[in-house]
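File shown: input-v3.tsv. Contents: TSV, C-alpha atoms.
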chain	number	residue	atom	x	y	z
A	775	MET	CA	104.14	128.76	-30.53
A	776	GLY	CA	103.65	130.16	-34.03
A	777	MET	CA	102.08	133.46	-34.89
A	778	PRO	CA	98.26	133.15	-35.26
A	779	PRO	CA	97.19	133.41	-38.90
A	780	PHE	CA	94.95	136.45	-38.34
A	781	ILE	CA	97.92	138.40	-36.94
A	782	GLN	CA	100.05	137.39	-39.94
A	783	LYS	CA	97.25	138.62	-42.20
A	784	THR	CA	97.08	141.94	-40.36
A	785	LEU	CA	100.83	142.42	-40.72
A	786	ARG	CA	100.54	141.70	-44.45
A	787	ASP	CA	97.65	144.17	-44.69
A	788	ILE	CA	99.76	147.01	-43.31
A	789	GLY	CA	102.21	146.57	-46.17
A	790	LEU	CA	104.69	143.91	-45.05
A	791	SER	CA	105.82	141.16	-47.38
A	792	LYS	CA	105.33	137.52	-46.40
A	793	ASN	CA	108.89	137.16	-45.10
A	794	GLU	CA	108.79	140.55	-43.38
A	795	ALA	CA	105.60	139.52	-41.58
A	796	LEU	CA	107.23	136.23	-40.49
A	797	VAL	CA	110.37	137.88	-39.09
A	798	PHE	CA	108.53	140.80	-37.51
A	799	GLY	CA	106.01	138.39	-35.98
A	800	VAL	CA	108.84	136.39	-34.39
A	801	LEU	CA	110.31	139.55	-32.85
A	802	LEU	CA	106.92	140.80	-31.64
A	803	GLN	CA	106.48	137.56	-29.72
A	804	SER	CA	110.02	137.08	-28.48
A	805	GLY	CA	111.45	140.56	-27.96
A	806	THR	CA	115.23	140.66	-28.41
A	807	MET	CA	116.90	137.97	-30.50
A	808	LEU	CA	120.01	137.09	-32.46
A	809	ALA	CA	119.66	136.85	-36.23
A	810	SER	CA	120.47	133.14	-36.14
A	811	ARG	CA	117.62	132.49	-33.72
A	812	ILE	CA	115.22	134.64	-35.75
A	813	SER	CA	116.17	132.60	-38.80
A	814	GLN	CA	115.30	129.36	-37.02
A	815	LYS	CA	112.00	130.66	-35.66
A	816	ALA	CA	110.90	132.16	-38.98
A	817	ARG	CA	112.14	129.09	-40.89
A	818	LEU	CA	114.12	131.20	-43.32
A	819	ASN	CA	117.75	130.84	-44.34
A	820	ARG	CA	120.29	133.15	-42.74
A	821	THR	CA	120.91	135.27	-45.86
A	822	THR	CA	117.19	135.89	-46.42
A	823	THR	CA	116.70	136.75	-42.75
A	824	TYR	CA	119.46	139.39	-42.80
A	825	GLY	CA	117.92	140.96	-45.90
A	826	VAL	CA	114.47	141.06	-44.29
A	827	LEU	CA	115.84	142.56	-41.06
A	828	LYS	CA	117.56	145.26	-43.08
A	829	GLU	CA	114.24	146.20	-44.72
A	830	LEU	CA	112.39	146.20	-41.39
A	831	ILE	CA	115.03	148.51	-39.91
A	832	LYS	CA	114.51	150.90	-42.85
A	833	LYS	CA	110.79	150.90	-42.10
A	834	GLY	CA	111.40	151.72	-38.45
A	835	LEU	CA	109.81	148.51	-37.19
A	836	VAL	CA	113.02	146.87	-35.97
A	837	SER	CA	116.18	148.16	-34.31
A	838	LYS	CA	119.63	146.62	-33.99
A	839	ASP	CA	121.84	146.70	-30.91
A	840	GLU	CA	125.50	145.67	-31.00
A	841	ARG	CA	126.36	143.67	-27.90
A	842	HIS	CA	129.90	142.36	-27.55
A	843	GLY	CA	130.29	142.55	-31.31
A	844	THR	CA	127.10	140.61	-32.01
A	845	GLY	CA	124.03	142.14	-33.58
A	846	VAL	CA	120.87	141.74	-31.52
A	847	TYR	CA	117.52	142.71	-33.00
A	848	GLN	CA	114.26	143.84	-31.42
A	849	SER	CA	110.92	145.02	-32.70
A	850	ILE	CA	109.10	148.17	-31.69
A	851	PRO	CA	106.56	147.58	-28.89
A	852	PRO	CA	103.20	146.32	-30.21
A	853	LYS	CA	101.45	149.43	-28.88
A	854	LEU	CA	103.43	151.56	-31.37
A	855	LEU	CA	102.11	149.70	-34.42
A	856	PRO	CA	99.14	152.07	-34.88
A	857	ASP	CA	101.65	154.95	-35.01
A	858	TYR	CA	103.55	153.10	-37.74
A	859	VAL	CA	100.35	152.66	-39.73
A	860	ALA	CA	99.48	156.34	-39.30
A	861	ARG	CA	102.97	157.36	-40.43
A	862	ARG	CA	102.75	155.02	-43.39
A	863	ARG	CA	99.37	156.51	-44.31
A	864	GLU	CA	100.87	160.00	-44.32
A	865	GLU	CA	103.73	158.79	-46.52
A	866	LEU	CA	101.26	157.25	-48.97
A	867	VAL	CA	99.32	160.52	-49.15
A	868	GLU	CA	102.53	162.37	-50.00
A	869	GLN	CA	103.46	159.72	-52.56
A	870	GLU	CA	100.01	160.05	-54.13
A	871	LYS	CA	100.51	163.81	-54.44
A	872	GLU	CA	103.89	163.31	-56.12
A	873	LEU	CA	102.44	160.72	-58.51
A	874	ARG	CA	99.62	163.05	-59.50
A	875	LYS	CA	102.20	165.72	-60.34
A	876	ILE	CA	104.04	163.48	-62.80
A	877	ILE	CA	100.97	161.91	-64.47
A	878	PRO	CA	100.94	164.52	-67.30
A	879	GLN	CA	104.62	163.79	-68.07
A	880	LEU	CA	104.05	160.02	-67.97
A	881	THR	CA	101.04	160.37	-70.26
A	882	LEU	CA	103.05	162.46	-72.72
A	883	LEU	CA	105.91	159.95	-72.74
A	884	ARG	CA	103.47	157.14	-73.41
A	885	LYS	CA	101.86	159.01	-76.30
A	886	GLN	CA	105.27	159.79	-77.78
A	887	THR	CA	106.29	156.14	-77.54
A	888	GLN	CA	103.05	154.94	-79.10
A	889	SER	CA	103.36	157.48	-81.93
A	890	LEU	CA	106.76	156.21	-83.03
A	891	PRO	CA	106.66	153.70	-85.88
A	892	ASN	CA	107.72	150.13	-85.11
A	893	VAL	CA	110.62	149.36	-87.46
A	894	ARG	CA	112.21	145.94	-88.01
A	895	PHE	CA	115.30	145.34	-90.13
A	896	PHE	CA	116.24	142.09	-91.90
A	897	GLU	CA	119.52	141.19	-93.59
A	898	GLY	CA	120.58	138.58	-96.13
A	899	VAL	CA	118.50	136.24	-98.26
A	900	GLU	CA	117.16	134.31	-95.27
A	901	GLY	CA	116.32	137.50	-93.44
A	902	VAL	CA	114.45	138.82	-96.49
A	903	LYS	CA	112.52	135.55	-96.72
A	904	GLN	CA	111.51	135.94	-93.07
A	905	ALA	CA	110.32	139.48	-93.76
A	906	PHE	CA	108.22	138.18	-96.66
A	907	GLU	CA	106.68	135.62	-94.28
A	908	ASP	CA	105.34	138.51	-92.21
A	909	THR	CA	103.31	139.70	-95.20
A	910	LEU	CA	101.53	136.32	-95.03
A	911	ILE	CA	101.29	135.12	-91.45
A	912	ASN	CA	100.71	138.57	-89.93
A	913	ASN	CA	98.30	139.83	-92.56
A	914	LYS	CA	94.97	140.18	-90.74
A	915	GLY	CA	93.25	142.00	-93.62
A	916	LYS	CA	94.07	139.21	-96.08
A	917	ALA	CA	95.04	141.85	-98.66
A	918	LEU	CA	98.42	142.71	-100.14
A	919	TYR	CA	99.33	145.63	-102.40
A	920	ASP	CA	102.70	145.27	-104.18
A	921	PHE	CA	104.96	147.61	-106.11
A	922	THR	CA	107.30	144.93	-107.40
A	923	GLY	CA	110.38	144.77	-109.55
A	924	VAL	CA	109.47	141.26	-110.70
A	925	ASP	CA	112.71	140.57	-112.51
A	926	ALA	CA	114.82	141.42	-109.44
A	927	VAL	CA	112.66	139.26	-107.18
A	928	PHE	CA	112.93	136.18	-109.42
A	929	GLN	CA	116.64	136.65	-110.07
A	930	ARG	CA	117.65	137.24	-106.46
A	931	MET	CA	115.23	134.95	-104.59
A	932	GLY	CA	114.92	132.15	-107.16
A	933	LYS	CA	111.89	130.84	-109.03
A	934	GLU	CA	111.41	127.93	-106.61
A	935	TRP	CA	111.07	130.18	-103.56
A	936	VAL	CA	108.86	132.67	-105.44
A	937	ASN	CA	106.47	129.85	-106.38
A	938	TYR	CA	106.45	128.66	-102.76
A	939	TYR	CA	105.50	132.19	-101.67
A	940	PHE	CA	102.72	132.48	-104.29
A	941	LYS	CA	101.26	129.12	-103.29
A	942	LYS	CA	101.34	129.86	-99.57
A	943	ARG	CA	99.73	133.27	-100.05
A	944	THR	CA	96.98	131.66	-102.11
A	945	ARG	CA	96.47	128.90	-99.54
A	946	LEU	CA	96.03	131.57	-96.85
A	947	GLY	CA	93.39	133.34	-98.96
A	948	ILE	CA	95.31	136.61	-99.27
A	949	GLN	CA	94.20	138.68	-102.27
A	950	CYS	CA	97.08	140.46	-104.02
A	951	THR	CA	97.13	143.48	-106.31
A	952	VAL	CA	100.43	144.04	-108.13
A	953	LEU	CA	101.91	147.03	-109.93
A	954	ALA	CA	104.94	145.96	-111.96
A	955	PRO	CA	107.05	147.20	-114.88
A	956	GLU	CA	105.89	145.41	-118.03
A	957	THR	CA	108.68	142.91	-118.68
A	958	VAL	CA	108.84	139.34	-119.96
A	959	TRP	CA	108.82	138.06	-116.37
A	960	SER	CA	105.83	140.16	-115.31
A	961	ARG	CA	103.81	139.21	-118.42
A	962	GLU	CA	104.42	135.53	-117.64
A	963	MET	CA	103.38	136.14	-114.03
A	964	LYS	CA	100.14	137.84	-115.09
A	965	LYS	CA	99.05	134.69	-116.98
A	966	GLU	CA	98.62	132.94	-113.61
A	967	ASP	CA	96.74	135.74	-111.83
A	968	ALA	CA	93.51	133.76	-111.44
A	969	LYS	CA	95.41	130.77	-110.05
A	970	PHE	CA	97.14	132.87	-107.36
A	971	LEU	CA	94.32	135.24	-106.28
A	972	ARG	CA	96.16	138.10	-107.95
A	973	THR	CA	95.49	141.13	-110.14
A	974	THR	CA	98.55	142.37	-112.01
A	975	LYS	CA	98.71	145.80	-113.60
A	976	PHE	CA	101.58	147.17	-115.66
A	977	ILE	CA	103.53	150.40	-115.66
A	978	PRO	CA	105.99	151.17	-118.52
A	979	GLU	CA	109.14	149.02	-118.53
A	980	CYS	CA	111.31	152.17	-118.50
A	981	PHE	CA	110.30	152.59	-114.84
A	982	SER	CA	111.86	149.27	-113.78
A	983	PHE	CA	113.33	149.02	-110.28
A	984	ASP	CA	115.16	146.42	-108.19
A	985	THR	CA	112.98	146.56	-105.11
A	986	GLU	CA	109.54	145.58	-103.86
A	987	VAL	CA	107.25	147.59	-101.61
A	988	ASP	CA	104.35	145.75	-99.96
A	989	VAL	CA	101.46	147.38	-98.11
A	990	TYR	CA	99.32	145.28	-95.77
A	991	ASP	CA	97.29	146.13	-92.68
A	992	ASP	CA	99.14	149.09	-91.08
A	993	LYS	CA	102.53	147.95	-92.38
A	994	VAL	CA	104.88	148.71	-95.23
A	995	GLY	CA	107.52	146.17	-96.23
A	996	ILE	CA	110.46	147.44	-98.28
A	997	PHE	CA	112.66	144.83	-99.96
A	998	SER	CA	115.90	145.61	-101.79
A	999	PHE	CA	117.49	143.09	-104.20
A	1000	ALA	CA	120.02	145.30	-106.00
A	1001	GLN	CA	122.83	144.61	-103.54
A	1002	GLU	CA	124.84	141.42	-103.11
A	1003	HIS	CA	123.53	141.48	-99.56
A	1004	PRO	CA	119.73	141.97	-99.84
A	1005	VAL	CA	117.88	143.75	-97.05
A	1006	ALA	CA	114.30	144.31	-95.93
A	1007	VAL	CA	112.61	146.78	-93.61
A	1008	ILE	CA	109.11	146.44	-92.18
A	1009	ILE	CA	107.58	149.66	-90.86
A	1010	GLU	CA	104.43	149.39	-88.77
A	1011	ASP	CA	102.70	152.77	-88.77
A	1012	LYS	CA	99.12	153.51	-89.79
A	1013	THR	CA	99.87	156.93	-91.32
A	1014	ILE	CA	102.83	155.72	-93.39
A	1015	ALA	CA	100.91	152.66	-94.60
A	1016	HIS	CA	97.93	154.84	-95.59
A	1017	THR	CA	100.19	157.21	-97.52
A	1018	ILE	CA	101.91	154.44	-99.50
A	1019	LYS	CA	98.53	152.81	-100.18
A	1020	THR	CA	97.26	156.15	-101.53
A	1021	PHE	CA	100.22	156.31	-103.93
A	1022	PHE	CA	99.47	152.73	-104.95
A	1023	ASP	CA	95.79	153.48	-105.65
A	1024	PHE	CA	96.71	156.52	-107.76
A	1025	MET	CA	99.20	154.56	-109.85
A	1026	ALA	CA	96.78	151.66	-110.23
A	1027	LEU	CA	94.26	154.00	-111.86
A	1028	HIS	CA	96.80	154.83	-114.57
A	1029	ALA	CA	98.21	151.32	-115.01
A	1030	HIS	CA	96.88	148.73	-117.44
The structure given in the file should be rewritten as structure tokens.
Amino acid sequence: MGMPPFIQKTLRDIGLSKNEALVFGVLLQSGTMLASRISQKARLNRTTTYGVLKELIKKGLVSKDERHGTGVYQSIPPKLLPDYVARRREELVEQEKELRKIIPQLTLLRKQTQSLPNVRFFEGVEGVKQAFEDTLINNKGKALYDFTGVDAVFQRMGKEWVNYYFKKRTRLGIQCTVLAPETVWSREMKKEDAKFLRTTKFIPECFSFDTEVDVYDDKVGIFSFAQEHPVAVIIEDKTIAHTIKTFFDFMALHAH
């Protein structure tokens, strides 16, 4: 006869897993048994049954007796179950005390983890393209602020890809403000500002650079094109993004 469901539920309620309740229930009903027989009664495979018996022994609910080289298992008498529950309750109280002691340390560790910037690194042309995609598809504010070395971007990434990027950004409704050295490339780009939801402002050509820095949401994307192997880094940190955006706003006031 199987274990009544309400007894199974009670065994689960005192902290036993489903399989532990099945095996322990078999032993409560039948007394002393071989592992093979317990396995059959509980309808569990032999390996699982041995693992469950091992856990029940650790909990003090089952004991093992070696008879003629064969392990025989038995449960504690049913009348001792309230003592097990009481002992378990005392253990939980002690565990609660220990947990309360380490809460300040856990809280500090969590704050330290949350305070660290999230940094992602991208390598090669395809990696850089993927980093640029983040400025579009993960741009909740629909605003982009660029320090851009236009010449380097066009030369390294190619005019076809640059036009793809401009069109996709426009299609997504992302407004872009650009600060760029005044070169032939940047002057040509400025002619299409209205078409691409963009405002381009110039700084003197003598300040040309071979990188691009994009600020969007709480992120800063840094793209380098000077090397044969271009790289990009995206830093997600509210304070850093705010600082770079402040530099951008200051420079924009003095650009034309």
Exercise for review: Mind checking which residues fall within 12 Å of Ser791 (chain A), counting only C-alpha atoms, ignoring those fewer than 4 positions away in the same chain, and posting them as a ChimeraX atom specification?
Suggested key: /A:782-787,795-799,826-827,829-830
Exercise for review: Could you check how far CA of Val846 (chain A) sits from CA of Ile788 (chain A), in Å to one decimal?
Suggested key: 24.7 Å
Point to revise | region 808-815 of chain A surroundings by all atoms listed in the file, 12 Å radius, close-in-sequence under 6 positions cut, as number ranges by chain | key: A: 775-777, 793-794, 796-802, 821-828, 837-841, 843-849
Review point. With only C-alpha atoms as the basis for distance, which of A:Glu1010, A:Asp967, A:Glu897, A:Glu962 is at the shortest distance from Thr944 (chain A)?
Key: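 Between A:Glu1010, A:Asp967, A:Glu897, A:Glu962, the residue approaching Thr944 (chain A) most closely is A:Asp967.
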Check your understanding: Taking all atoms listed in the file into account, which of A:Phe997, A:Ile781, A:Arg862, A:Ala1015 comes nearest Gln904 (chain A)?
Key ->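 Of the candidates, the smallest distance to Gln904 (chain A) is held by A:Phe997.
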